[in-house]
file run.cif (mmCIF, C-alpha atoms)
data_upload
loop_
_atom_site.label_atom_id
_atom_site.label_comp_id
_atom_site.auth_asym_id
_atom_site.auth_seq_id
_atom_site.Cartn_x
_atom_site.Cartn_y
_atom_site.Cartn_z
CA MET N 533 -64.58 52.88 -13.80
CA ALA N 534 -62.87 50.05 -15.59
CA SER N 535 -62.65 46.83 -13.71
CA LEU N 536 -59.29 45.20 -13.28
CA THR N 537 -59.12 41.49 -13.92
CA ALA N 538 -56.23 39.48 -12.54
CA SER N 539 -54.33 37.59 -15.19
CA PRO N 540 -54.03 33.87 -14.54
CA ARG N 541 -50.71 32.87 -12.93
CA PRO N 542 -48.60 30.63 -15.10
CA THR N 543 -48.50 27.08 -13.93
CA ALA N 544 -45.08 25.71 -13.07
CA LEU N 545 -43.96 22.93 -15.32
CA PRO N 546 -42.66 19.82 -13.58
CA LEU N 547 -38.88 19.58 -13.69
CA PRO N 548 -37.46 16.52 -15.34
CA SER N 549 -36.10 14.10 -12.77
CA ALA N 550 -32.55 12.86 -13.15
CA THR N 551 -32.15 9.10 -13.08
CA ILE N 552 -28.82 7.54 -12.23
CA ARG N 553 -28.41 3.93 -13.20
CA ILE N 554 -25.75 1.91 -11.41
CA GLU N 555 -24.43 -1.07 -13.31
CA PRO N 556 -21.74 -3.61 -12.45
CA PRO N 557 -18.44 -3.49 -14.35
CA ARG N 558 -18.72 -5.01 -17.81
CA GLY N 559 -15.08 -5.47 -18.77
CA PHE N 560 -12.46 -7.51 -16.95
CA PHE N 561 -10.25 -4.48 -16.30
CA GLU N 562 -12.84 -1.74 -16.14
CA LEU N 563 -11.27 0.52 -13.52
CA ARG N 564 -13.82 3.35 -13.66
CA LEU N 565 -11.14 5.85 -12.79
CA ARG N 566 -13.52 8.70 -13.60
CA GLU N 567 -15.78 7.52 -10.79
CA VAL N 568 -12.83 7.28 -8.41
CA TRP N 569 -11.84 10.84 -9.34
CA ALA N 570 -15.43 12.04 -8.93
CA TYR N 571 -15.42 10.60 -5.40
CA ARG N 572 -11.98 12.04 -4.55
CA GLU N 573 -13.38 13.95 -1.57
CA LEU N 574 -14.67 10.69 -0.12
CA LEU N 575 -11.25 9.15 -0.74
CA TYR N 576 -9.65 12.03 1.15
CA PHE N 577 -12.12 11.53 4.01
CA PHE N 578 -11.29 7.81 4.27
CA VAL N 579 -7.55 8.51 4.29
CA TRP N 580 -7.88 11.21 6.93
CA ARG N 581 -10.17 8.98 9.01
CA ASP N 582 -7.63 6.13 8.98
CA VAL N 583 -4.81 8.45 10.03
CA LYS N 584 -6.81 9.91 12.92
CA ILE N 585 -7.96 6.50 14.16
CA ARG N 586 -4.38 5.21 14.07
CA TYR N 587 -3.06 7.90 16.41
CA LYS N 588 -6.18 8.60 18.47
CA GLN N 589 -5.83 8.00 22.21
CA THR N 590 -2.22 6.82 21.96
CA ALA N 591 0.28 7.64 24.67
CA ILE N 592 3.23 8.59 22.46
CA GLY N 593 1.47 9.16 19.12
CA VAL N 594 3.66 9.12 16.03
CA LEU N 595 6.63 7.84 18.02
CA TRP N 596 5.20 4.35 17.51
CA VAL N 597 6.02 4.77 13.82
CA ILE N 598 9.65 5.45 14.71
CA LEU N 599 10.02 2.87 17.46
CA GLN N 600 9.01 -0.15 15.39
CA PRO N 601 11.69 0.14 12.66
CA VAL N 602 14.30 1.44 15.11
CA LEU N 603 13.86 -1.50 17.47
CA ASN N 604 13.91 -3.94 14.55
CA MET N 605 17.05 -2.25 13.27
CA LEU N 606 18.76 -2.69 16.64
CA VAL N 607 17.83 -6.40 16.74
CA PHE N 608 19.00 -6.99 13.18
CA THR N 609 22.23 -5.09 13.78
CA LEU N 610 23.01 -7.15 16.88
CA PHE N 611 22.10 -10.64 15.67
CA PHE N 612 22.51 -10.56 11.90
CA GLY N 613 25.28 -7.98 11.81
CA ARG N 614 27.51 -8.28 14.89
CA LEU N 615 26.94 -11.95 15.68
CA ALA N 616 26.16 -13.60 12.33
CA LYS N 617 28.53 -11.25 10.43
CA LEU N 618 26.29 -11.05 7.37
CA PRO N 619 27.64 -8.70 4.68
CA SER N 620 26.17 -5.23 4.41
CA ASP N 621 27.51 -4.15 0.98
CA GLY N 622 29.95 -1.75 2.61
CA LEU N 623 27.27 0.14 4.54
CA PRO N 624 27.11 0.63 8.30
CA TYR N 625 24.79 -1.99 9.75
CA PRO N 626 22.26 0.52 11.18
CA VAL N 627 21.91 2.29 7.81
CA PHE N 628 21.86 -1.01 5.90
CA TYR N 629 18.96 -2.41 7.93
CA PHE N 630 17.05 0.80 8.46
CA ALA N 631 17.08 1.57 4.71
CA ALA N 632 15.32 -1.75 4.15
CA LEU N 633 12.96 -1.56 7.12
CA VAL N 634 11.41 1.77 6.09
CA PRO N 635 9.85 0.49 2.83
CA TRP N 636 9.25 -2.95 4.33
CA THR N 637 7.36 -1.55 7.34
CA TYR N 638 5.15 0.44 4.99
CA PHE N 639 4.38 -2.66 2.94
CA SER N 640 3.97 -5.07 5.87
CA CYS N 641 1.37 -2.86 7.56
CA SER N 642 -0.75 -2.63 4.39
CA PRO N 643 -2.02 -6.27 4.20
CA SER N 644 -3.45 -6.24 7.72
CA SER N 645 -5.31 -2.96 7.12
CA THR N 646 -6.55 -3.67 3.59
CA THR N 647 -7.69 -7.23 4.36
CA ASN N 648 -10.48 -6.07 6.69
CA VAL N 649 -11.30 -2.78 4.96
CA VAL N 650 -14.29 -4.16 3.04
CA VAL N 651 -15.77 -6.09 5.98
CA GLU N 652 -15.25 -3.20 8.40
CA ASN N 653 -17.17 -0.83 6.11
CA GLN N 654 -20.14 -3.19 5.76
CA PRO N 655 -22.78 -0.65 6.98
CA LEU N 656 -21.58 1.87 4.41
CA ILE N 657 -21.33 -0.60 1.54
CA THR N 658 -24.84 -1.97 2.02
CA LYS N 659 -26.53 1.45 2.21
CA VAL N 660 -24.65 3.89 -0.05
CA TYR N 661 -23.12 3.47 -3.48
CA PHE N 662 -19.55 4.59 -4.15
CA PRO N 663 -16.65 3.00 -6.06
CA ARG N 664 -15.56 0.13 -3.83
CA LEU N 665 -12.03 0.53 -5.19
CA ILE N 666 -11.73 3.60 -2.97
CA LEU N 667 -11.58 1.44 0.18
CA PRO N 668 -8.29 -0.43 -0.50
CA ILE N 669 -6.80 2.66 -2.15
CA SER N 670 -7.47 4.77 0.94
CA SER N 671 -5.99 2.11 3.20
CA VAL N 672 -2.79 2.01 1.15
CA LEU N 673 -2.50 5.81 0.89
CA SER N 674 -2.94 6.34 4.62
CA GLY N 675 0.24 4.34 5.25
CA LEU N 676 2.27 6.96 3.37
CA VAL N 677 2.11 9.17 6.46
CA ASP N 678 4.04 6.56 8.45
CA PHE N 679 6.43 6.09 5.55
CA ALA N 680 7.19 9.82 5.42
CA ILE N 681 8.00 9.89 9.13
CA GLY N 682 10.27 6.85 8.83
CA PHE N 683 11.99 8.36 5.78
CA VAL N 684 12.86 11.51 7.75
CA VAL N 685 14.44 9.38 10.50
CA LEU N 686 16.34 7.40 7.86
CA SER N 687 17.70 10.63 6.36
CA ILE N 688 18.96 11.64 9.80
CA PHE N 689 20.70 8.26 10.13
CA CYS N 690 22.38 8.71 6.75
CA PHE N 691 23.62 12.21 7.57
CA ALA N 692 24.90 11.00 10.94
CA TYR N 693 27.06 8.39 9.16
CA GLY N 694 28.25 10.88 6.54
CA ILE N 695 26.16 9.44 3.70
CA LEU N 696 24.97 12.24 1.44
CA PRO N 697 22.36 11.94 -1.33
CA THR N 698 23.52 11.31 -4.89
CA PHE N 699 21.80 11.30 -8.28
CA ALA N 700 20.56 7.82 -7.42
CA ALA N 701 18.05 9.49 -5.09
CA LEU N 702 16.06 10.53 -8.17
CA TRP N 703 14.84 6.92 -8.32
CA LEU N 704 13.15 7.19 -4.92
CA PRO N 705 9.72 8.42 -6.19
CA GLY N 706 9.55 5.58 -8.72
CA LEU N 707 10.55 3.00 -6.10
CA LEU N 708 7.95 4.37 -3.69
CA LEU N 709 5.33 4.12 -6.43
CA LEU N 710 6.39 0.53 -7.01
CA ALA N 711 5.97 -0.24 -3.31
CA LEU N 712 2.56 1.46 -3.32
CA PHE N 713 1.38 -0.59 -6.32
CA THR N 714 2.66 -3.76 -4.65
CA ALA N 715 0.71 -2.99 -1.48
CA LEU N 716 -2.38 -2.08 -3.51
CA GLY N 717 -2.22 -5.22 -5.64
CA VAL N 718 -1.86 -7.49 -2.61
CA GLY N 719 -4.53 -5.51 -0.78
CA LEU N 720 -7.03 -5.95 -3.61
CA TRP N 721 -6.56 -9.71 -3.54
CA LEU N 722 -6.79 -9.98 0.25
CA SER N 723 -9.76 -7.64 0.73
CA ALA N 724 -11.80 -9.50 -1.89
CA LEU N 725 -10.78 -12.91 -0.52
CA ASN N 726 -11.64 -11.85 3.02
CA ALA N 727 -15.15 -10.94 1.87
CA LEU N 728 -15.49 -14.58 0.75
CA TYR N 729 -13.62 -16.35 3.54
CA ARG N 730 -13.30 -14.64 6.92
CA ASP N 731 -10.36 -16.79 8.02
CA VAL N 732 -8.05 -15.10 5.49
CA ARG N 733 -7.09 -12.48 8.07
CA TYR N 734 -5.69 -15.16 10.37
CA VAL N 735 -2.95 -16.17 7.94
CA ILE N 736 -1.78 -12.63 7.18
CA SER N 737 0.79 -12.49 10.00
CA PHE N 738 2.35 -15.77 8.89
CA VAL N 739 2.48 -14.70 5.24
CA VAL N 740 4.05 -11.34 6.10
CA GLN N 741 6.66 -12.98 8.33
CA PHE N 742 7.58 -15.49 5.62
CA TRP N 743 7.66 -12.69 3.02
CA MET N 744 10.14 -10.69 5.09
CA PHE N 745 12.68 -13.52 5.16
CA ALA N 746 12.13 -14.01 1.42
CA SER N 747 13.09 -10.34 0.90
CA PRO N 748 16.55 -8.72 1.29
CA VAL N 749 15.73 -7.08 4.61
CA ALA N 750 18.14 -8.93 6.93
CA TYR N 751 20.65 -9.80 4.22
CA PRO N 752 21.82 -8.33 0.89
CA SER N 753 20.50 -9.70 -2.37
CA SER N 754 24.14 -10.20 -3.46
CA LEU N 755 24.08 -13.46 -1.47
CA VAL N 756 21.67 -14.87 -4.06
CA PRO N 757 23.57 -16.52 -6.97
CA ALA N 758 23.57 -14.37 -10.10
CA ARG N 759 21.84 -17.00 -12.24
CA TRP N 760 18.90 -17.10 -9.83
CA ARG N 761 18.70 -13.31 -9.34
CA TRP N 762 15.85 -12.87 -11.84
CA LEU N 763 13.82 -15.59 -10.11
CA TYR N 764 14.46 -13.97 -6.74
CA GLY N 765 13.30 -10.68 -8.25
CA LEU N 766 9.83 -12.12 -8.88
CA ASN N 767 9.29 -11.21 -5.25
CA PRO N 768 8.10 -7.62 -5.83
CA MET N 769 9.57 -6.31 -2.57
CA ALA N 770 13.05 -7.65 -3.46
CA GLY N 771 13.49 -5.02 -6.17
CA VAL N 772 11.85 -2.32 -4.05
CA ILE N 773 14.07 -2.89 -1.00
CA ASP N 774 17.28 -3.38 -2.98
CA GLY N 775 16.54 -0.33 -5.10
CA PHE N 776 15.56 1.79 -2.11
CA ARG N 777 18.75 0.87 -0.28
CA TRP N 778 20.83 1.80 -3.33
CA ALA N 779 18.92 5.03 -4.05
CA ILE N 780 19.09 6.43 -0.51
CA THR N 781 22.78 5.66 0.03
CA GLY N 782 24.23 5.77 -3.47
CA ARG N 783 26.40 2.74 -2.64
CA GLY N 784 26.70 -0.44 -4.69
CA ASN N 785 25.26 -1.22 -8.10
CA ALA N 786 21.80 -0.41 -9.38
CA PRO N 787 19.46 -3.44 -9.16
CA GLY N 788 18.90 -3.71 -12.92
CA LEU N 789 17.68 -7.25 -13.63
CA LEU N 790 16.29 -7.65 -10.10
CA LEU N 791 14.26 -4.45 -10.37
CA LEU N 792 13.01 -5.34 -13.84
CA ALA N 793 11.74 -8.73 -12.64
CA SER N 794 10.08 -7.12 -9.60
CA THR N 795 8.38 -4.50 -11.79
CA SER N 796 6.97 -7.22 -14.04
CA ALA N 797 5.68 -9.11 -10.99
CA VAL N 798 4.05 -5.96 -9.59
CA ILE N 799 2.20 -5.37 -12.87
CA LEU N 800 0.86 -8.93 -12.85
CA VAL N 801 -0.17 -8.76 -9.18
CA LEU N 802 -1.89 -5.39 -9.62
CA LEU N 803 -3.77 -6.32 -12.79
CA GLY N 804 -4.81 -9.65 -11.28
CA GLY N 805 -5.98 -7.88 -8.12
CA VAL N 806 -8.04 -5.38 -10.13
CA PHE N 807 -9.63 -8.20 -12.14
CA PHE N 808 -10.52 -10.22 -9.04
CA PHE N 809 -11.78 -7.21 -7.07
CA ASN N 810 -13.97 -6.11 -10.01
CA ARG N 811 -15.50 -9.58 -10.23
CA MET N 812 -16.23 -9.51 -6.49
CA GLU N 813 -17.61 -5.95 -6.56
CA THR N 814 -20.83 -7.08 -8.24
CA THR N 815 -21.81 -9.24 -5.24
CA ILE N 816 -19.72 -7.71 -2.48
CA ALA N 817 -22.70 -6.11 -0.72
CA ASP N 818 -24.38 -9.49 -0.39
CA ARG N 819 -21.28 -11.23 0.93
CA VAL N 820 -20.29 -8.81 3.68
#
call {"tool": "encode", "arguments": {"input": "run.cif", "output": "structure tokens"}}
result
Amino acid sequence: MASLTASPRPTALPLPSATIRIEPPRGFFELRLREVWAYRELLYFFVWRDVKIRYKQTAIGVLWVILQPVLNMLVFTLFFGRLAKLPSDGLPYPVFYFAALVPWTYFSCSPSSTTNVVVENQPLITKVYFPRLILPISSVLSGLVDFAIGFVVLSIFCFAYGILPTFAALWLPGLLLLALFTALGVGLWLSALNALYRDVRYVISFVVQFWMFASPVAYPSSLVPARWRWLYGLNPMAGVIDGFRWAITGRGNAPGLLLLASTSAVILVLLGGVFFFNRMETTIADRV
């Protein structure tokens, strides 16, 4: 009887190990958008987390988003409209002020949230690698939920006063994108500065209050002399608010030179914010 001999079992070869090397940005404006896109699920998680925290354990929930611009609109209508008799470019005072307060409220809430976003996520930054640019982006994107709610209320106001949309409304997505880039550019500067100096967050309320009166929220930009209109437009929110008011109502003239100056200012603020945030990203884990 033939004996059966067991053939030797093949030895498993060791699998090559993958090595991921993390390096700081090399170029001044190296955005690493591919990394941001690769971490898009994390970006979605951050946005959803911010939205849930904002409305968690609140008595009236999303009504806070409506109350803030509505109450401001009532105050502006009473004091700046009825008492001070400031011009409203032929629009009813409630529509005139509410059309400006919707984009302004979105922008004014962004600095306070983006300033602390790096410091608040210190445990995550010091333990796990991910594109730090996701943090201010998520903070800015989460505010779009409040903007959408305010925009619906504004549309109801316009219909109540018999103001129907025109072809000027096609500019609304571009103006919203301009407001988003403005908030992101300012947020990049503030979040990086706050990682260096913790007292930056204490001056935010003062800066936002001053910025509001430097923007055409309580008054029309037509009060600014024509020869200084381009200089006034270097305030990025001047073109956004003036353009938004024109696009939603279809009344008045398109803010041509004003919007062009504001767009140029937004580009400079955003590129400068990206440059400064990238420089800070190399040592941000040590500073927070």
call {"tool": "atom_distance", "arguments": {"input": "run.cif", "atom1": "atom CA of Ala758 of chain N", "atom2": "atom CA of Asp621 of chain N"}}
result
15.6 Å
call {"tool": "closest_residue", "arguments": {"input": "run.cif", "among": "N:Leu603, N:Leu763, N:Ala786, N:Leu610", "to": "Trp703 of chain N", "atoms": "all atoms listed in the file"}}
result
N:Ala786
call {"tool": "residues_around", "arguments": {"input": "run.cif", "residues": "segment 595-598 of chain N", "least_positions_apart": "4", "cutoff": "8 Å", "atoms": "only C-alpha atoms", "output": "list in words"}}
result
Val602, Asp678, Ile681, Gly682 and Val685 of chain N
call {"tool": "closest_atom_pairs", "arguments": {"input": "run.cif", "of": "segment 724-766 of chain N", "to": "segment 797-814 of chain N", "cutoff": "9 Å", "atoms": "all atoms listed in the file", "output": "Markdown table"}}
result
| residue | atom | partner | partner_atom | distance |
| --- | --- | --- | --- | --- |
| N:Ala724 | CA | N:Phe809 | CA | 5.7 |
| N:Leu725 | CA | N:Phe809 | CA | 8.7 |
| N:Ala727 | CA | N:Met812 | CA | 8.5 |
| N:Leu728 | CA | N:Met812 | CA | 8.9 |
| N:Gly765 | CA | N:Ala797 | CA | 8.2 |
| N:Leu766 | CA | N:Ala797 | CA | 5.5 |
call {"tool": "resolve_selection", "arguments": {"input": "run.cif", "expression": "the PyMOL selection byres ((chain N and resi 635) around 8)", "output": "list in words"}}
result
Ala631, Ala632, Leu633, Val634, Trp636, Thr637, Tyr638, Phe639, Phe679, Leu708, Ala711, Val772, Ile773 and Phe776 of chain N
call {"tool": "closest_atom_pairs", "arguments": {"input": "run.cif", "of": "segment 704-783 of chain N", "to": "segment 646-659 of chain N", "cutoff": "7 Å", "atoms": "only C-alpha atoms", "output": "Markdown table"}}
result
| residue | atom | partner | partner_atom | distance |
| --- | --- | --- | --- | --- |
| N:Gly719 | CA | N:Thr646 | CA | 5.2 |
| N:Leu722 | CA | N:Thr647 | CA | 5.0 |
| N:Ser723 | CA | N:Thr647 | CA | 4.2 |
| N:Asn726 | CA | N:Thr647 | CA | 6.2 |
| N:Ala727 | CA | N:Val651 | CA | 6.4 |
| N:Arg733 | CA | N:Thr647 | CA | 6.5 |
call {"tool": "resolve_selection", "arguments": {"input": "run.cif", "expression": "the PyMOL selection byres ((chain N and resi 761) around 12)", "output": "ChimeraX atom specification"}}
result
/N:748,752-760,762-767,770-771,774,787-794
call {"tool": "closest_residue", "arguments": {"input": "run.cif", "among": "N:Glu567, N:Pro643, N:Val677, N:Ser747", "to": "Val735 of chain N", "atoms": "all atoms listed in the file"}}
result
N:Pro643
call {"tool": "closest_residue", "arguments": {"input": "run.cif", "among": "N:Trp778, N:Phe630, N:Phe738, N:Tyr751", "to": "Pro697 of chain N", "atoms": "only C-alpha atoms"}}
result
N:Trp778
call {"tool": "resolve_selection", "arguments": {"input": "run.cif", "expression": "the PyMOL selection byres ((chain N and resi 571) around 12)", "output": "MDAnalysis selection string"}}
result
chainID N and resid 564:570 572:578 661:667 670
call {"tool": "write_last_selection", "arguments": {"input": "run.cif", "atoms": "C-alpha atoms", "output": "PDB file, in the coordinates of the input"}}
result
ATOM      1  CA  ARG N 564     -13.820   3.350 -13.660  1.00  0.00           C
ATOM      2  CA  LEU N 565     -11.140   5.850 -12.790  1.00  0.00           C
ATOM      3  CA  ARG N 566     -13.520   8.700 -13.600  1.00  0.00           C
ATOM      4  CA  GLU N 567     -15.780   7.520 -10.790  1.00  0.00           C
ATOM      5  CA  VAL N 568     -12.830   7.280  -8.410  1.00  0.00           C
ATOM      6  CA  TRP N 569     -11.840  10.840  -9.340  1.00  0.00           C
ATOM      7  CA  ALA N 570     -15.430  12.040  -8.930  1.00  0.00           C
ATOM      8  CA  ARG N 572     -11.980  12.040  -4.550  1.00  0.00           C
ATOM      9  CA  GLU N 573     -13.380  13.950  -1.570  1.00  0.00           C
ATOM     10  CA  LEU N 574     -14.670  10.690  -0.120  1.00  0.00           C
ATOM     11  CA  LEU N 575     -11.250   9.150  -0.740  1.00  0.00           C
ATOM     12  CA  TYR N 576      -9.650  12.030   1.150  1.00  0.00           C
ATOM     13  CA  PHE N 577     -12.120  11.530   4.010  1.00  0.00           C
ATOM     14  CA  PHE N 578     -11.290   7.810   4.270  1.00  0.00           C
ATOM     15  CA  TYR N 661     -23.120   3.470  -3.480  1.00  0.00           C
ATOM     16  CA  PHE N 662     -19.550   4.590  -4.150  1.00  0.00           C
ATOM     17  CA  PRO N 663     -16.650   3.000  -6.060  1.00  0.00           C
ATOM     18  CA  ARG N 664     -15.560   0.130  -3.830  1.00  0.00           C
ATOM     19  CA  LEU N 665     -12.030   0.530  -5.190  1.00  0.00           C
ATOM     20  CA  ILE N 666     -11.730   3.600  -2.970  1.00  0.00           C
ATOM     21  CA  LEU N 667     -11.580   1.440   0.180  1.00  0.00           C
ATOM     22  CA  SER N 670      -7.470   4.770   0.940  1.00  0.00           C
TER      23      SER N 670
END
call {"tool": "atom_distance", "arguments": {"input": "run.cif", "atom1": "atom CA of Thr781 of chain N", "atom2": "atom CA of Leu702 of chain N"}}
result
11.7 Å
call {"tool": "atom_distance", "arguments": {"input": "run.cif", "atom1": "atom CA of Arg586 of chain N", "atom2": "atom CA of Gln600 of chain N"}}
result
14.5 Å
call {"tool": "residues_near_point", "arguments": {"input": "run.cif", "point": "(27.1, 0.6, 5.7)", "cutoff": "12 Å", "atoms": "all atoms listed in the file", "output": "PyMOL selection string"}}
result
chain N and resi 609+613+618-631+689-690+692-695+752+777-778+780-784
